[in-house]
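Participant: Got a file for you: target_8.csv, CSV, C-alpha atoms.
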```csv
chain,number,residue,atom,x,y,z
A,74,MET,CA,-1.1,69.0,6.6
A,75,VAL,CA,-0.9,65.9,4.3
A,76,ASP,CA,2.1,64.5,6.2
A,77,GLU,CA,0.2,64.6,9.5
A,78,ILE,CA,-2.8,62.4,8.5
A,79,LYS,CA,-3.0,58.7,9.2
A,80,ARG,CA,-2.8,57.2,5.7
A,81,THR,CA,-4.7,54.1,4.8
A,82,GLN,CA,-2.4,51.3,3.6
A,83,PRO,CA,-3.0,50.1,0.1
A,84,ARG,CA,-3.1,46.4,-0.6
A,85,LEU,CA,-0.8,44.7,-3.1
A,86,VAL,CA,-1.5,41.7,-5.3
A,87,ARG,CA,1.6,40.0,-3.7
A,88,ASP,CA,4.5,41.0,-1.4
A,89,ARG,CA,6.5,44.0,-2.8
A,90,GLU,CA,9.6,41.9,-3.6
A,91,SER,CA,7.7,39.6,-6.0
A,92,LEU,CA,5.9,42.2,-8.0
A,93,ASP,CA,6.7,42.8,-11.7
A,94,TYR,CA,5.1,46.2,-11.7
A,95,LEU,CA,4.3,48.8,-9.0
A,96,HIS,CA,3.0,52.3,-9.5
A,97,GLN,CA,1.7,54.8,-6.9
A,98,GLU,CA,0.3,58.2,-7.3
A,99,SER,CA,-1.6,60.5,-5.0
A,100,ALA,CA,-3.6,63.7,-5.2
A,101,LEU,CA,-5.3,66.0,-2.8
A,102,ALA,CA,-9.0,66.4,-3.7
A,103,LYS,CA,-10.5,69.6,-2.6
A,104,ARG,CA,-13.7,68.0,-1.3
A,105,GLU,CA,-14.5,65.0,0.9
A,106,LEU,CA,-14.8,61.7,-1.1
A,107,ASN,CA,-14.9,58.1,-0.2
A,108,ALA,CA,-12.7,55.7,-2.2
A,109,TYR,CA,-15.5,54.6,-4.5
A,110,GLN,CA,-16.5,58.2,-5.2
A,111,ALA,CA,-12.9,59.0,-6.1
A,112,TYR,CA,-12.9,56.0,-8.5
A,113,CYS,CA,-16.1,57.3,-10.1
A,114,ARG,CA,-14.6,60.7,-10.5
A,115,MET,CA,-11.4,59.4,-12.0
A,116,THR,CA,-13.1,57.2,-14.5
A,117,GLU,CA,-15.9,59.4,-15.6
A,118,ASN,CA,-15.9,60.9,-19.1
A,119,SER,CA,-13.1,59.0,-20.7
A,120,SER,CA,-11.3,60.9,-23.4
A,121,TRP,CA,-11.4,59.7,-27.0
A,122,LEU,CA,-7.7,58.8,-26.6
A,123,MET,CA,-8.5,56.5,-23.6
A,124,ARG,CA,-11.5,54.9,-25.5
A,125,SER,CA,-9.2,54.3,-28.5
A,126,ALA,CA,-6.5,52.8,-26.4
A,127,VAL,CA,-9.0,50.4,-24.8
A,128,TRP,CA,-10.4,49.5,-28.1
A,129,LEU,CA,-6.9,48.8,-29.5
A,130,ARG,CA,-6.0,46.8,-26.4
A,131,ASP,CA,-9.1,44.6,-26.7
A,132,ALA,CA,-8.5,44.0,-30.4
A,133,LEU,CA,-4.9,43.0,-30.0
A,134,CYS,CA,-5.4,40.9,-26.9
A,135,LYS,CA,-8.6,39.0,-27.9
A,136,PRO,CA,-6.6,36.2,-29.8
A,137,PHE,CA,-4.7,35.5,-26.7
A,138,GLY,CA,-7.7,34.8,-24.5
A,139,VAL,CA,-7.5,38.0,-22.5
A,140,GLU,CA,-10.8,39.3,-21.2
A,141,GLN,CA,-12.2,42.2,-23.1
A,142,ILE,CA,-12.4,45.3,-20.9
A,143,GLY,CA,-14.6,47.5,-23.1
A,144,GLY,CA,-13.7,50.6,-21.1
A,145,PHE,CA,-15.2,52.4,-18.2
A,146,ARG,CA,-18.9,52.8,-17.9
A,147,ASN,CA,-20.7,55.7,-16.2
A,148,LYS,CA,-21.7,54.6,-12.8
A,149,SER,CA,-23.5,56.2,-9.9
A,150,ALA,CA,-21.3,57.4,-7.1
A,151,GLU,CA,-24.3,56.9,-4.8
A,152,ALA,CA,-24.6,53.1,-5.5
A,153,PRO,CA,-21.4,51.4,-4.7
A,154,PRO,CA,-20.8,47.7,-5.6
A,155,LYS,CA,-20.4,44.9,-3.1
A,156,VAL,CA,-17.5,42.6,-2.6
A,157,GLY,CA,-17.6,39.9,-5.3
A,158,GLU,CA,-19.4,42.1,-7.8
A,159,LYS,CA,-17.8,43.6,-11.0
A,160,LEU,CA,-17.0,47.2,-11.3
A,161,ASP,CA,-16.2,48.0,-14.9
A,162,PHE,CA,-13.9,45.1,-15.8
A,163,PHE,CA,-12.5,44.6,-12.2
A,164,LEU,CA,-13.6,42.3,-9.5
A,165,VAL,CA,-14.3,44.1,-6.2
A,166,GLU,CA,-12.3,42.4,-3.5
A,167,ASP,CA,-12.6,45.0,-0.7
A,168,ILE,CA,-14.7,48.2,-0.3
A,169,SER,CA,-15.0,50.7,2.5
A,170,ASP,CA,-15.1,54.4,2.8
A,171,ARG,CA,-11.3,54.6,2.9
A,172,ARG,CA,-10.3,51.8,0.6
A,173,LEU,CA,-11.4,50.2,-2.7
A,174,VAL,CA,-9.5,47.1,-3.9
A,175,LEU,CA,-10.1,45.9,-7.4
A,176,THR,CA,-8.5,43.0,-9.3
A,177,VAL,CA,-8.2,41.3,-12.6
A,178,ARG,CA,-6.6,37.8,-12.6
A,179,ASP,CA,-6.1,35.6,-15.6
A,180,ARG,CA,-3.5,33.2,-16.9
A,181,HIS,CA,-1.2,36.0,-18.1
A,182,LEU,CA,-1.1,38.3,-15.1
A,183,ASP,CA,-2.7,39.4,-11.8
A,184,VAL,CA,-3.5,43.1,-11.4
A,185,MET,CA,-4.6,44.8,-8.2
A,186,LEU,CA,-5.7,48.4,-8.1
A,187,SER,CA,-5.9,49.7,-4.5
A,188,LEU,CA,-7.5,53.2,-4.1
A,189,THR,CA,-7.3,54.9,-0.7
A,190,ALA,CA,-9.2,58.0,0.5
A,191,ASP,CA,-8.0,59.7,3.7
A,192,PRO,CA,-9.8,62.8,5.0
A,193,VAL,CA,-7.7,65.8,5.7
A,194,ALA,CA,-8.5,68.4,8.4
A,195,GLU,CA,-9.3,71.2,5.8
A,196,GLY,CA,-12.2,69.2,4.4
A,197,GLY,CA,-10.5,67.6,1.4
A,198,THR,CA,-9.3,64.0,0.8
A,199,LEU,CA,-5.9,62.6,0.1
A,200,VAL,CA,-6.5,60.0,-2.6
A,201,GLY,CA,-3.8,57.4,-3.3
A,202,GLU,CA,-3.8,54.9,-6.2
A,203,THR,CA,-1.5,51.9,-6.1
A,204,THR,CA,-1.4,49.4,-8.9
A,205,SER,CA,0.5,46.2,-8.5
A,206,VAL,CA,1.0,43.5,-11.1
A,207,VAL,CA,2.5,40.0,-11.2
A,208,THR,CA,3.0,38.5,-14.6
A,209,HIS,CA,2.8,34.7,-15.2
A,210,ASN,CA,4.2,34.2,-18.7
A,211,PHE,CA,5.9,35.8,-21.7
A,212,PHE,CA,2.6,37.3,-23.0
A,213,GLY,CA,2.0,38.9,-19.6
A,214,ARG,CA,5.5,40.5,-19.6
A,215,LEU,CA,5.0,41.6,-23.2
A,216,TYR,CA,1.6,43.1,-22.4
A,217,MET,CA,3.2,45.2,-19.7
A,218,VAL,CA,5.8,46.8,-22.1
A,219,PRO,CA,3.3,49.3,-23.6
A,220,VAL,CA,0.9,49.3,-20.6
A,221,ALA,CA,3.3,50.3,-17.9
A,222,PRO,CA,4.2,53.8,-19.4
A,223,ALA,CA,0.7,54.3,-20.6
A,224,HIS,CA,-0.6,53.5,-17.1
A,225,HIS,CA,1.6,56.2,-15.6
A,226,VAL,CA,0.2,58.9,-18.0
A,227,ILE,CA,-3.4,57.7,-17.5
A,228,VAL,CA,-3.3,57.6,-13.7
A,229,ARG,CA,-1.5,61.0,-13.5
A,230,ARG,CA,-4.3,62.5,-15.7
A,231,ASP,CA,-7.0,60.9,-13.5
A,232,MET,CA,-5.4,62.3,-10.4
A,233,LYS,CA,-5.4,65.7,-11.9
A,234,LYS,CA,-9.2,65.4,-12.3
A,235,LEU,CA,-9.4,64.8,-8.5
A,236,ALA,CA,-7.3,67.8,-7.7
A,237,ALA,CA,-9.2,70.2,-10.0
```
Just give me the structure as structure tokens.
Facilitator:
Amino acid sequence: MVDEIKRTQPRLVRDRESLDYLHQESALAKRELNAYQAYCRMTENSSWLMRSAVWLRDALCKPFGVEQIGGFRNKSAEAPPKVGEKLDFFLVEDISDRRLVLTVRDRHLDVMLSLTADPVAEGGTLVGETTSVVTHNFFGRLYMVPVAPAHHVIVRRDMKKLAA
């Protein structure tokens, strides 16, 4: 079933060989979702642990000129943003039913989150999440030391929300 569908290709912040971090996860949602609806479902109702981690990240990074993210805000799955607008702390670079591409770019690193949503014959959606990062300096590399393993845990948990 899942192997037979034509998968939407995720975008990467740069070519694969020049990435400093790449993480991909996927989950089969039991209902039909577009890419933006999947993002809303993944980021709704952040746990106290996630809110605490974002608060700590913002507090530690503020002296280094890193944009404060403040966390994920409740948003309407029926009112998607447009290209060039902000979605939480990301810039929307591309949005369609099958793909949502979000970025954060600063002097320390460039991050791209590419979310894909491919319908399956049984009425569900195969959702894929690809995060790619290029670091620009020592602080960017240092930042990714705790973020990389935390990101794996967070995305895996978010994917479980979709499969539930």
Participant: Name the closest residue to A:Leu235 among the candidates A:Gln110, A:Ser120, A:Gln141, A:Thr208; distances are taken between atoms, counting all atoms listed in the file.
Facilitator: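 Between A:Gln110, A:Ser120, A:Gln141, A:Thr208, the residue approaching A:Leu235 most closely is A:Gln110.
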Participant: For A:Thr189, which residue out of A:Ala132, A:Leu92, A:Leu101, A:Leu122 is the nearest one, using all atoms listed in the file?
Facilitator: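 Counting all atoms listed in the file, the residue closest to A:Thr189 is A:Leu101.
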Participant: At what distance in Å, to one decimal, does atom CA of A:Leu215 lie from atom CA of A:Leu175?
Facilitator: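 So the answer is 22.3 Å.
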Participant: Out of A:Glu140, A:Glu98, A:Asp170, A:Asp179, which residue has the shortest atom-to-atom distance to A:Ile227 when counting all atoms listed in the file?
Facilitator: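 Answer, going by the shortest atom-to-atom distance: A:Glu98.
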Participant: Here is a test: counting all atoms listed in the file, which residue of A:Asp183, A:Glu105, A:Asp93, A:Glu151 is nearest to A:Glu195?
Facilitator: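 With all atoms listed in the file as the atom set, the closest residue is A:Glu105.
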Participant: Under the rule that only C-alpha atoms are counted, which of A:Asp167, A:Glu158, A:Asp88, A:Glu117 is the nearest residue to A:Val206?
Facilitator: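 Checking each of A:Asp167, A:Glu158, A:Asp88, A:Glu117 against A:Val206, counting only C-alpha atoms, the winner is A:Asp88.
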Participant: Provide the atom CA of A:Thr203 to atom CA of A:Lys135 distance in Å, to one decimal place.
Facilitator: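 One can read the atom CA of A:Thr203 to atom CA of A:Lys135 distance as 26.3 Å.
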Participant: So how far away is atom CA of A:Asp191 from atom CA of A:Val174, in Å?
Facilitator: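 Pair atom CA of A:Val174 / atom CA of A:Asp191 returns 14.8 Å.
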Participant: Kindly indicate which residue among A:Ser169, A:Ser99, A:Thr204, A:Thr81 lies nearest to A:Ser187, using only C-alpha atoms for the distances.
Facilitator: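 For A:Ser187, the nearest of the given residues is A:Thr204.
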Participant: Taking 3 positions as the minimum chain separation for residues in the same chain, which residues sit within 6 Å of stretch 160-166 of chain A when counting all atoms listed in the file? Answer as a list in words.
Facilitator: Ile142, Phe145, Val156, Gly157, Val174, Leu175, Thr176 and Val177 of chain A
Participant: For A:Arg130, list every protein, DNA or RNA residue within 10 Å, evaluated using all atoms listed in the file, and leave out those in the same chain fewer than 6 positions away; present the list as JSON, numbers by chain.
Facilitator: {"A": [124, 139, 141, 142, 143, 216, 220]}
Participant: Considering all atoms listed in the file, return as a PyMOL selection string whatever protein or nucleic-acid residues lie within 12 Å of A:Pro219, sequence-local ones (same chain, fewer than 6 positions apart) excluded.
Facilitator: chain A and resi 126+129-130+213+225-226
Participant: For those residues, write C-alpha atoms to a file as a PDB file, keeping the file's coordinate frame.
Facilitator:
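What follows is the written file again_10.pdb:
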```
ATOM      1  CA  ALA A 126      -6.500  52.800 -26.400  1.00  0.00           C
ATOM      2  CA  LEU A 129      -6.900  48.800 -29.500  1.00  0.00           C
ATOM      3  CA  ARG A 130      -6.000  46.800 -26.400  1.00  0.00           C
ATOM      4  CA  GLY A 213       2.000  38.900 -19.600  1.00  0.00           C
ATOM      5  CA  HIS A 225       1.600  56.200 -15.600  1.00  0.00           C
ATOM      6  CA  VAL A 226       0.200  58.900 -18.000  1.00  0.00           C
TER       7      VAL A 226
END
```
Participant: Pick out the residues sitting within 12 Å of A:Arg80, and hand them over as a list in words; count only C-alpha atoms, and ignore anything fewer than 4 positions along from it in its own chain.
Facilitator: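 Selected residues are Met74, Val75, Asp76, Ser99, Arg171, Arg172, Leu188, Thr189, Ala190, Asp191, Pro192, Val193, Thr198, Leu199, Val200 and Gly201 of chain A.
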